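So this one's target-v1.cif, mmCIF, C-alpha atoms:
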```
data_structure
#
loop_
_atom_site.label_atom_id
_atom_site.label_comp_id
_atom_site.auth_asym_id
_atom_site.auth_seq_id
_atom_site.Cartn_x
_atom_site.Cartn_y
_atom_site.Cartn_z
CA MET A 1 67.68 121.59 105.10
CA ASP A 2 66.04 118.63 106.84
CA TRP A 3 69.03 116.65 108.16
CA LYS A 4 66.80 114.07 109.82
CA ASN A 5 65.36 112.96 106.49
CA ILE A 6 68.78 112.82 104.86
CA ALA A 7 70.24 110.62 107.61
CA GLY A 8 67.19 108.39 107.88
CA PRO A 9 67.35 106.18 104.78
CA VAL A 10 71.18 106.04 104.86
CA VAL A 11 71.25 104.62 108.39
CA MET A 12 68.60 102.09 107.39
CA ASN A 13 71.07 100.53 104.92
CA VAL A 14 73.39 99.40 107.74
CA GLU A 15 71.91 96.08 108.83
CA LEU A 16 73.04 95.02 112.30
CA ALA A 17 72.92 91.30 111.53
CA SER A 18 75.07 91.74 108.44
CA VAL A 19 77.60 93.92 110.31
CA LEU A 20 77.81 91.36 113.14
CA HIS A 21 78.30 88.54 110.63
CA GLN A 22 81.07 90.44 108.82
CA THR A 23 82.67 91.39 112.16
CA ALA A 24 82.71 87.80 113.40
CA CYS A 25 84.10 86.49 110.11
CA GLY A 26 86.75 89.23 110.09
CA ALA A 27 87.81 88.30 113.63
CA ILE A 28 88.04 84.58 112.79
CA ALA A 29 89.97 85.22 109.56
CA ALA A 30 92.42 87.57 111.28
CA ALA A 31 93.00 85.16 114.18
CA GLY A 32 93.48 82.24 111.76
CA PHE A 33 96.05 84.16 109.77
CA GLY A 34 97.63 85.26 113.05
CA VAL A 35 98.38 81.59 113.76
CA LEU A 36 99.90 81.25 110.27
CA PHE A 37 102.12 84.28 111.01
CA ASN A 38 103.27 82.66 114.29
CA VAL A 39 101.49 85.15 116.52
CA GLY A 40 101.63 83.98 120.15
CA PHE A 41 98.42 82.86 121.87
CA ARG A 42 98.64 85.94 124.15
CA VAL A 43 98.45 88.28 121.15
CA LEU A 44 95.86 86.31 119.13
CA PRO A 45 92.84 88.01 120.79
CA TRP A 46 94.34 91.35 119.71
CA CYS A 47 94.58 90.05 116.13
CA ALA A 48 90.95 88.94 116.27
CA ALA A 49 89.96 92.34 117.68
CA SER A 50 91.80 94.21 114.92
CA GLY A 51 90.13 92.05 112.25
CA ALA A 52 86.73 92.60 113.88
CA VAL A 53 87.21 96.38 114.02
CA ALA A 54 88.37 96.47 110.39
CA LEU A 55 85.39 94.54 109.07
CA ALA A 56 82.89 96.36 111.31
CA VAL A 57 84.08 99.77 110.09
CA ARG A 58 84.19 98.65 106.46
CA SER A 59 80.69 97.12 106.64
CA CYS A 60 79.28 100.28 108.25
CA CYS A 61 80.90 102.50 105.62
CA LEU A 62 79.66 100.26 102.79
CA GLY A 63 76.20 100.37 104.34
CA LEU A 64 76.38 104.16 104.38
CA GLY A 65 76.90 104.08 100.62
CA TRP A 66 80.69 104.45 100.46
CA ASN A 67 82.56 102.59 97.75
CA LEU A 68 84.84 99.65 98.61
CA GLU A 69 88.04 101.67 98.32
CA GLY A 70 86.82 104.43 100.65
CA ALA A 71 85.42 101.96 103.15
CA SER A 72 88.67 99.96 103.15
CA PHE A 73 90.67 103.16 103.69
CA ALA A 74 88.51 104.19 106.66
CA ALA A 75 88.78 100.70 108.16
CA ALA A 76 92.57 100.52 107.76
CA LEU A 77 92.97 104.02 109.21
CA THR A 78 90.84 103.07 112.23
CA VAL A 79 92.72 99.81 112.83
CA SER A 80 96.13 101.48 112.54
CA ALA A 81 95.12 104.30 114.91
CA ALA A 82 93.69 101.78 117.40
CA VAL A 83 96.87 99.68 117.24
CA GLN A 84 98.96 102.81 117.89
CA LEU A 85 96.89 103.48 121.02
CA VAL A 86 96.90 99.92 122.30
CA ARG A 87 100.38 98.62 121.45
CA ARG A 88 102.33 100.61 124.04
CA ARG A 89 99.90 99.66 126.79
CA ALA A 90 99.85 95.99 125.78
CA GLY A 91 103.59 95.82 124.98
CA ILE A 92 102.97 94.48 121.47
CA SER A 93 105.03 95.37 118.41
CA GLN A 94 103.04 97.15 115.73
CA ASP A 95 104.34 95.09 112.81
CA VAL A 96 101.96 92.36 111.72
CA LEU A 97 99.24 93.27 114.26
CA ASP A 98 97.67 96.01 112.12
CA ALA A 99 98.49 94.16 108.90
CA VAL A 100 96.81 90.98 110.22
CA GLY A 101 93.69 93.00 111.03
CA CYS A 102 93.52 94.23 107.45
CA ILE A 103 94.26 90.85 105.83
CA PRO A 104 90.52 90.00 105.55
CA MET A 105 90.08 93.17 103.47
CA ILE A 106 92.84 92.37 100.94
CA PRO A 107 90.94 91.89 97.66
CA GLY A 108 92.47 88.50 96.84
CA SER A 109 89.35 87.25 95.06
CA PHE A 110 89.27 90.35 92.81
CA ALA A 111 92.94 89.81 92.00
CA ALA A 112 92.31 86.17 91.07
CA LYS A 113 89.29 87.12 88.94
CA ALA A 114 91.24 89.90 87.22
CA ILE A 115 94.16 87.65 86.28
CA ILE A 116 91.84 84.82 85.19
CA GLY A 117 89.99 87.33 82.99
CA LEU A 118 93.28 88.37 81.40
CA PHE A 119 94.23 84.69 80.92
CA ALA A 120 90.85 84.06 79.30
CA LEU A 121 91.51 86.83 76.76
CA THR A 122 94.55 84.95 75.47
CA THR A 123 92.57 81.79 74.65
CA GLY A 124 90.96 81.32 71.25
CA ALA A 125 87.45 80.71 72.55
CA VAL A 126 86.56 84.08 74.08
CA VAL A 127 82.81 84.68 73.77
CA ASN A 128 82.61 88.41 74.52
CA GLU A 129 86.11 89.87 74.22
CA SER A 130 85.38 93.51 75.03
CA GLN A 131 83.20 92.66 78.04
CA THR A 132 85.82 90.20 79.37
CA LEU A 133 88.54 92.85 78.95
CA ILE A 134 86.51 95.57 80.65
CA THR A 135 85.64 93.28 83.57
CA ALA A 136 89.28 92.21 83.97
CA VAL A 137 90.48 95.83 83.89
CA GLN A 138 87.78 96.85 86.38
CA TYR A 139 88.85 94.10 88.77
CA THR A 140 92.53 95.05 88.32
CA LEU A 141 91.80 98.69 89.11
CA ARG A 142 89.74 97.75 92.14
CA VAL A 143 92.58 95.58 93.42
CA MET A 144 95.09 98.39 92.93
CA PHE A 145 92.94 101.09 94.51
CA THR A 146 91.72 98.94 97.40
CA THR A 147 95.20 97.68 98.26
CA GLY A 148 96.48 101.25 97.93
CA ALA A 149 93.73 102.49 100.24
CA ILE A 150 94.54 99.83 102.86
CA GLY A 151 98.28 100.49 102.73
CA THR A 152 97.83 104.25 102.96
CA GLY A 153 95.29 103.97 105.76
CA LEU A 154 97.68 101.78 107.74
CA ALA A 155 100.66 104.06 107.16
CA ILE A 156 99.13 107.45 108.00
CA PRO A 157 98.87 107.09 111.83
CA THR A 158 102.40 105.64 111.97
CA LEU A 159 103.82 108.51 109.90
CA LEU A 160 101.94 111.13 111.93
CA LEU A 161 103.09 109.63 115.23
CA ARG A 162 106.69 109.48 114.04
CA ALA A 163 106.55 113.11 112.85
CA ARG A 164 105.30 114.06 116.33
CA THR A 165 108.02 112.14 118.17
CA ASP A 166 110.75 113.37 115.79
CA HIS A 167 109.96 117.05 116.43
CA MET B 1 169.31 113.86 122.59
CA MET B 2 166.18 116.00 122.75
CA GLU B 3 165.48 115.23 119.07
CA GLU B 4 165.82 111.46 119.69
CA HIS B 5 163.38 111.68 122.61
CA SER B 6 160.88 113.57 120.45
CA ILE B 7 161.10 110.98 117.67
CA THR B 8 160.57 108.14 120.20
CA GLN B 9 157.50 109.96 121.58
CA GLN B 10 156.10 110.36 118.08
CA ILE B 11 156.59 106.67 117.32
CA GLN B 12 154.93 105.69 120.62
CA ALA B 13 152.00 108.00 119.90
CA LYS B 14 151.60 106.52 116.41
CA GLU B 15 151.72 102.96 117.81
CA LYS B 16 149.11 103.87 120.42
CA LEU B 17 146.87 105.37 117.74
CA ALA B 18 147.30 102.29 115.56
CA PHE B 19 146.46 100.06 118.57
CA ASP B 20 143.39 102.19 119.39
CA ASP B 21 142.29 102.09 115.73
CA GLN B 22 142.74 98.32 115.65
CA ARG B 23 140.73 97.94 118.86
CA SER B 24 137.95 100.24 117.63
CA VAL B 25 137.86 98.47 114.24
CA SER B 26 137.61 95.14 116.06
CA SER B 27 134.73 96.36 118.23
CA LEU B 28 133.09 98.01 115.21
CA GLU B 29 133.34 94.71 113.34
CA SER B 30 131.36 92.85 116.01
CA LEU B 31 128.97 95.80 116.40
CA ALA B 32 128.27 95.85 112.65
CA GLY B 33 127.81 92.06 112.66
CA VAL B 34 125.24 92.12 115.47
CA THR B 35 123.44 95.11 113.93
CA LEU B 36 123.23 93.42 110.52
CA ASP B 37 121.93 90.20 112.07
CA VAL B 38 119.15 92.11 113.84
CA GLY B 39 118.19 93.75 110.52
CA ARG B 40 118.38 90.49 108.58
CA MET B 41 116.22 88.63 111.11
CA LEU B 42 113.66 91.44 111.07
CA MET B 43 113.50 91.39 107.27
CA GLU B 44 113.11 87.61 107.21
CA ALA B 45 110.34 87.86 109.83
CA GLY B 46 108.31 90.25 107.64
CA ALA B 47 108.95 93.64 109.28
CA SER B 48 108.49 96.77 107.20
CA ALA B 49 111.56 98.79 106.19
CA GLY B 50 110.65 101.57 108.64
CA SER B 51 110.58 99.13 111.55
CA VAL B 52 113.86 97.52 110.48
CA GLN B 53 115.45 100.96 110.30
CA ARG B 54 114.15 102.03 113.72
CA ILE B 55 115.13 98.85 115.57
CA VAL B 56 118.56 98.60 113.91
CA ASP B 57 119.26 102.27 114.81
CA LYS B 58 118.24 101.58 118.42
CA VAL B 59 120.45 98.50 118.67
CA ALA B 60 123.51 100.10 117.05
CA LEU B 61 123.31 103.30 119.12
CA GLY B 62 122.53 101.30 122.27
CA LEU B 63 125.65 99.19 121.72
CA GLY B 64 127.85 102.27 121.49
CA ALA B 65 127.85 103.37 117.85
CA GLU B 66 127.93 107.13 117.31
CA ARG B 67 126.73 106.95 113.70
CA VAL B 68 124.53 104.40 111.89
CA GLU B 69 123.61 104.33 108.23
CA LEU B 70 121.49 101.42 106.96
CA ARG B 71 120.65 100.46 103.39
CA ILE B 72 117.82 97.94 103.13
CA GLY B 73 117.47 95.94 99.93
CA TYR B 74 115.11 93.08 99.09
CA GLY B 75 117.85 90.45 99.25
CA SER B 76 120.53 92.15 101.34
CA LEU B 77 121.33 94.79 103.94
CA ALA B 78 124.35 97.06 104.27
CA VAL B 79 125.27 99.02 107.39
CA THR B 80 127.88 101.64 108.19
CA VAL B 81 128.63 102.14 111.89
CA GLY B 82 131.08 104.63 113.28
CA ILE B 83 132.75 105.43 116.61
CA GLY B 84 135.03 108.44 116.82
CA ALA B 85 137.08 108.76 113.65
CA ALA B 86 136.62 105.10 112.65
CA ASP B 87 133.83 103.85 110.36
CA ILE B 88 133.13 100.40 109.01
CA THR B 89 130.71 99.21 106.30
CA ARG B 90 129.50 95.64 106.11
CA MET B 91 126.87 93.85 104.04
CA ARG B 92 124.80 90.72 104.67
CA ARG B 93 122.45 88.66 102.51
CA ALA B 94 118.85 88.28 103.70
CA GLY B 95 117.28 84.83 103.42
CA GLU B 96 113.78 84.00 102.26
CA LEU B 97 111.25 86.56 103.48
CA GLY B 98 108.37 85.17 105.52
CA VAL B 99 106.18 86.36 108.37
CA ASN B 100 106.98 85.55 112.02
CA GLN B 101 105.34 87.88 114.51
CA ARG B 102 106.88 86.28 117.60
CA LEU B 103 110.36 86.82 116.19
CA ILE B 104 109.57 90.48 115.43
CA GLN B 105 108.24 90.84 118.98
CA GLY B 106 111.40 89.23 120.38
CA LEU B 107 113.67 91.54 118.38
CA TRP B 108 111.54 94.56 119.35
CA ASP B 109 111.96 93.65 123.05
CA LEU B 110 115.68 93.06 122.52
CA GLY B 111 115.98 96.53 120.94
CA LYS B 112 114.36 98.06 124.02
CA ARG B 113 116.78 96.24 126.36
CA VAL B 114 119.79 97.34 124.31
CA THR B 115 118.52 100.95 124.33
CA ARG B 116 118.39 100.77 128.15
CA ARG B 117 122.10 99.67 128.01
CA GLU B 118 121.26 96.34 129.68
CA LEU B 119 123.27 94.27 127.18
CA THR B 120 126.79 94.28 125.76
CA ILE B 121 127.61 93.29 122.17
CA ALA B 122 128.47 89.72 123.24
CA GLN B 123 125.27 89.39 125.31
CA THR B 124 123.20 90.74 122.40
CA ARG B 125 124.79 88.12 120.14
CA VAL B 126 123.84 85.38 122.64
CA GLU B 127 120.26 86.71 122.79
CA LEU B 128 120.05 86.76 118.97
CA THR B 129 121.23 83.15 118.78
CA ARG B 130 118.67 82.20 121.41
CA LEU B 131 115.87 83.97 119.50
CA ALA B 132 116.86 82.28 116.23
CA SER B 133 117.08 78.77 117.70
CA GLU B 134 114.48 78.70 120.47
CA MET B 135 111.61 80.71 118.97
CA PRO B 136 108.42 78.70 119.60
CA GLN B 137 106.30 77.74 116.59
CA HIS B 138 102.71 76.53 116.37
CA SER B 139 102.44 72.88 115.40
CA PRO B 140 101.83 72.24 111.67
CA TRP B 141 98.38 70.77 112.33
CA VAL B 142 97.31 73.75 114.43
CA VAL B 143 98.47 76.10 111.66
CA SER B 144 96.72 74.06 108.94
CA ILE B 145 93.42 73.95 110.83
CA ALA B 146 93.63 77.67 111.69
CA VAL B 147 94.24 78.49 108.03
CA GLY B 148 91.30 76.29 107.03
CA VAL B 149 89.02 78.10 109.48
CA ALA B 150 90.33 81.49 108.32
CA CYS B 151 89.67 80.66 104.65
CA ALA B 152 86.16 79.44 105.51
CA ALA B 153 85.53 82.78 107.26
CA PHE B 154 86.97 84.55 104.21
CA GLY B 155 84.55 82.56 102.09
CA ARG B 156 81.61 83.79 104.14
CA LEU B 157 82.88 87.37 103.68
CA LEU B 158 82.97 86.81 99.92
CA GLY B 159 79.47 85.35 99.87
CA VAL B 160 80.06 81.57 99.90
CA ASP B 161 76.91 79.78 101.08
CA TRP B 162 77.01 77.64 104.25
CA TYR B 163 77.31 74.40 102.18
CA GLY B 164 80.48 75.76 100.59
CA THR B 165 82.30 76.56 103.84
CA GLY B 166 83.04 72.85 104.57
CA PRO B 167 84.90 72.26 101.27
CA VAL B 168 86.77 75.58 101.72
CA PHE B 169 87.86 74.55 105.22
CA LEU B 170 88.99 71.07 104.13
CA SER B 171 90.84 72.10 100.99
CA ALA B 172 92.57 75.08 102.66
CA THR B 173 93.65 72.85 105.58
CA VAL B 174 95.12 70.25 103.21
CA GLY B 175 96.57 73.02 101.01
CA GLN B 176 98.42 74.63 103.93
CA PHE B 177 99.86 71.26 104.97
CA VAL B 178 101.02 70.53 101.39
CA ARG B 179 102.46 74.05 101.07
CA ARG B 180 104.50 73.57 104.23
CA GLU B 181 105.87 70.24 103.02
CA LEU B 182 106.73 71.66 99.57
CA LEU B 183 108.53 74.65 101.08
CA ARG B 184 110.42 72.34 103.43
CA SER B 185 111.56 70.41 100.33
CA HIS B 186 112.89 73.74 98.94
CA VAL B 187 110.41 73.84 96.04
CA ASN B 188 110.40 77.30 94.44
CA VAL B 189 107.91 79.53 96.24
CA PHE B 190 106.06 80.53 93.04
CA ILE B 191 105.81 76.96 91.72
CA CYS B 192 104.60 75.93 95.17
CA ALA B 193 101.89 78.64 95.04
CA ALA B 194 100.67 77.43 91.63
CA LEU B 195 100.62 73.76 92.71
CA VAL B 196 98.78 74.45 95.97
CA SER B 197 96.36 76.78 94.18
CA PHE B 198 95.55 74.03 91.67
CA LEU B 199 95.12 71.43 94.43
CA CYS B 200 92.91 73.65 96.61
CA SER B 201 90.71 74.85 93.75
CA VAL B 202 90.12 71.31 92.41
CA MET B 203 89.41 69.91 95.89
CA SER B 204 87.06 72.72 96.86
CA GLY B 205 85.35 72.73 93.46
CA LEU B 206 84.67 69.00 93.65
CA GLY B 207 83.57 69.28 97.28
CA ALA B 208 81.25 72.20 96.59
CA ARG B 209 79.62 70.33 93.71
CA TRP B 210 79.26 67.20 95.87
CA VAL B 211 77.57 69.02 98.79
CA GLY B 212 75.30 70.97 96.44
CA SER B 213 76.69 74.47 96.96
CA ASN B 214 75.42 77.22 94.67
CA THR B 215 78.64 79.21 94.90
CA ILE B 216 81.20 76.86 93.36
CA ILE B 217 83.48 79.50 91.79
CA THR B 218 83.56 81.64 94.96
CA THR B 219 84.25 78.48 96.96
CA MET B 220 87.22 77.70 94.73
CA ILE B 221 88.56 81.25 95.06
CA SER B 222 88.10 81.28 98.85
CA SER B 223 90.12 78.09 99.25
CA ILE B 224 93.23 79.66 97.67
CA LEU B 225 93.21 82.86 99.73
CA LEU B 226 95.77 81.34 102.13
CA LEU B 227 98.30 81.93 99.33
CA VAL B 228 97.62 85.64 98.81
CA PRO B 229 100.70 87.51 100.12
CA GLY B 230 98.81 90.06 102.23
CA VAL B 231 101.60 91.18 104.58
CA PRO B 232 104.14 91.79 101.75
CA ALA B 233 101.43 93.69 99.83
CA VAL B 234 100.83 96.00 102.81
CA ASN B 235 104.58 96.27 103.51
CA ALA B 236 105.26 97.25 99.89
CA GLN B 237 103.04 100.28 100.28
CA SER B 238 104.29 101.32 103.69
CA ASP B 239 107.90 100.97 102.47
CA ILE B 240 107.24 103.35 99.57
CA LEU B 241 105.36 105.78 101.81
CA GLU B 242 108.17 105.70 104.40
CA GLY B 243 110.85 106.53 101.83
CA HIS B 244 112.07 103.12 100.67
CA PRO B 245 110.75 103.00 97.07
CA THR B 246 113.29 100.43 95.83
CA LEU B 247 112.40 97.85 98.47
CA GLY B 248 108.68 98.68 98.15
CA SER B 249 108.78 98.20 94.37
CA ALA B 250 110.65 94.91 94.73
CA ARG B 251 108.04 93.67 97.19
CA ALA B 252 105.21 94.82 94.90
CA VAL B 253 106.69 92.96 91.91
CA THR B 254 107.07 89.81 94.03
CA VAL B 255 103.44 90.11 95.16
CA ALA B 256 102.29 90.54 91.53
CA MET B 257 104.29 87.47 90.45
CA ALA B 258 102.85 85.42 93.31
CA LEU B 259 99.32 86.48 92.32
CA ILE B 260 99.94 85.45 88.69
CA PHE B 261 101.10 81.98 89.76
CA ILE B 262 98.17 81.61 92.19
CA ALA B 263 95.70 82.64 89.49
CA ALA B 264 97.35 80.26 87.00
CA GLY B 265 96.84 77.36 89.41
CA LEU B 266 93.21 78.36 89.95
CA TRP B 267 92.61 78.75 86.22
CA ILE B 268 94.07 75.33 85.38
CA GLY B 269 92.01 73.86 88.24
CA LYS B 270 88.82 75.43 86.86
CA ILE B 271 89.54 74.21 83.33
CA SER B 272 90.29 70.70 84.64
CA LEU B 273 87.00 70.60 86.55
CA ASP B 274 85.10 71.85 83.47
CA LEU B 275 86.67 69.05 81.41
CA TRP B 276 86.09 66.26 83.95
CA LEU B 277 82.53 67.15 84.99
#
```
Just give me the structure as structure tokens.
Amino acid sequence: MDWKNIAGPVVMNVELASVLHQTACGAIAAAGFGVLFNVGFRVLPWCAASGAVALAVRSCCLGLGWNLEGASFAAALTVSAAVQLVRRRAGISQDVLDAVGCIPMIPGSFAAKAIIGLFALTTGAVVNESQTLITAVQYTLRVMFTTGAIGTGLAIPTLLLRARTDH
Amino acid sequence: MMEEHSITQQIQAKEKLAFDDQRSVSSLESLAGVTLDVGRMLMEAGASAGSVQRIVDKVALGLGAERVELRIGYGSLAVTVGIGAADITRMRRAGELGVNQRLIQGLWDLGKRVTRRELTIAQTRVELTRLASEMPQHSPWVVSIAVGVACAAFGRLLGVDWYGTGPVFLSATVGQFVRRELLRSHVNVFICAALVSFLCSVMSGLGARWVGSNTIITTMISSILLLVPGVPAVNAQSDILEGHPTLGSARAVTVAMALIFIAAGLWIGKISLDLWL
């Protein structure tokens, strides 16, 4: 099997400019929400870093052809593992720090679209009922699976570390 | 004579036991109070159930308890602490749940100091009061502007064009300020979410149309993302995964309700803009 040819076109899909853009936006969004969550100025760079890592990993995985749920899971897992490594050295509590990093990946826009689609179904003037319903259900499922993937990805390193320290 | 002496000894022993029990119950009372306050403050600051459990266990054991059992609910906490043969169970109501990382950090550090036996129960109580009253907060304008910038960055992640980022920034900044004022006036948190969602979506929709953005709907959605309860959504999952399904489910239902109210505000905003323009 020619592994070089298999890897070639896949790697081409990951555009550096797009990854950098997503990474920068993820860092800004995480830092902004860090301020909202009363994160101290000393910890804000860590929030920005966790947001940047999350979006960089997710963008790379999406570029490699993964679906949104899988990419979000990988990103959350990476952020949570990184926070576990860093927090003891930096003396930062884990709560909020990893969650803030994953906030830019929470599918809030999908959730809004899903609920609006369901609202639209209840009005009398629905143009294409079945299509509206399918789209709303698709968005709902994506919200559920993506949020589930983020939550699970964040929890796994914590659970593994606790199992290790307990035994 | 010997019998009388024996009876007197028995009475003295019983009195001593009763005195010891009273003393241990009194110290258990203050121990349970401090422990519950640590748990309550952690819950109100947005910690996950696992973290609340770990820090409360550390504090209670560090202050001399031999046994700790904690039950964490969405609106209340109950703790049983025991020393020797004596046990005491106390319950406390949790206030409105928010997110305050500095408070979590402060309580985390306090837990470490108590574990190292640096503080007594009274000193821990003083530290808790200090944390509750002197915790620094960012100024409202700094928070509003930071939220505006964050929502604009969110917008870029969702595909809002550069023209649309200005209206997202402005409407999210104003929205955060209005949200703060409404919550300070004790407006219901869900009603507040719907009102702010309506305000932000109308402002950003009008702004996006005025500046000539091609992504008006995405601009409107981006401006309301400050309202999406991200931390409770993540906590709901970690609570269920860490063995607290009741609390996790309660959080998940609250998140779902918040999303419905946010979407309702956005929907009414969109319909209003369609009617006006």
Apply the PyMOL selection byres ((chain A and resi 109-125) around 6) to the structure shown and report the selected residues as a ChimeraX atom specification.
-> /A:107-108,126,136,139-140,143 /B:263
Could you take the residues named above and write them with C-alpha atoms, as a JSON list (two decimals), keeping the file's coordinate frame?
```
[["chain", "number", "residue", "atom", "x", "y", "z"],
["A", 107, "PRO", "CA", 90.94, 91.89, 97.66],
["A", 108, "GLY", "CA", 92.47, 88.50, 96.84],
["A", 126, "VAL", "CA", 86.56, 84.08, 74.08],
["A", 136, "ALA", "CA", 89.28, 92.21, 83.97],
["A", 139, "TYR", "CA", 88.85, 94.10, 88.77],
["A", 140, "THR", "CA", 92.53, 95.05, 88.32],
["A", 143, "VAL", "CA", 92.58, 95.58, 93.42],
["B", 263, "ALA", "CA", 95.70, 82.64, 89.49]]
```
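Shortest separation to Gly148 of chain A among A:Thr23, A:Ser50, A:Ser18, A:Ser72 occurs at residue A:Ser72, atoms counted being all atoms listed in the file.
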Return as a PyMOL selection string the residues belonging to chain B that are within 9 Å of chain A, counting all atoms listed in the file.
-> chain B and resi 46-48+51+98-105+108-109+136-138+142-158+218+221-222+224-226+228-231+233-238+241-242+259-260+262-264+266-267
Find the residue from B:Arg116, B:His244, B:Arg130, B:Arg251 that sits nearest to Gly50 of chain B; use all atoms listed in the file when measuring.
->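 Comparing B:Arg116, B:His244, B:Arg130, B:Arg251 against Gly50 of chain B, the winner is B:His244.
Between atom CA of Val255 of chain B and atom CA of Cys60 of chain A the interatomic distance comes to 29.3 Å.
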So how far away is atom CA of Leu195 of chain B from atom CA of Ile271 of chain B, in Å?
->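 Separating atom CA of Ile271 of chain B from atom CA of Leu195 of chain B is a distance of 14.5 Å.
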Given only C-alpha atoms as the counted atoms, nearest of B:Ala258, B:Ala32, B:Ala250, B:Val38 to Ala194 of chain B =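 So, comparing all the options, the nearest one is B:Ala258.
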Write out as a PyMOL selection string the residues lying within 6 Å of segment 82-89 of chain B, counting only C-alpha atoms and excluding same-chain residues fewer than 6 positions away.
-> chain B and resi 65-67
Could you please determine the separation between atom CA of Val178 of chain B and atom CA of Pro45 of chain A in Å, to one decimal place?
-> 27.4 Å
Name every residue that the PyMOL selection byres ((chain B and resi 167) around 8) selects in this structure, writing the answer as number ranges by chain with chains first and numbers rising.
-> B: 163-166, 168-171, 203-205, 207-208, 219
Go through the shown structure with the PyMOL selection byres ((chain B and resi 121) around 8) and write out the matching residues as a count of residues only.
-> 10
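Checking A:Arg42, A:Gly63, A:Gly51, A:Gln138 one by one against Val83 of chain A, counting all atoms listed in the file, you find the shortest gap at A:Gly51.
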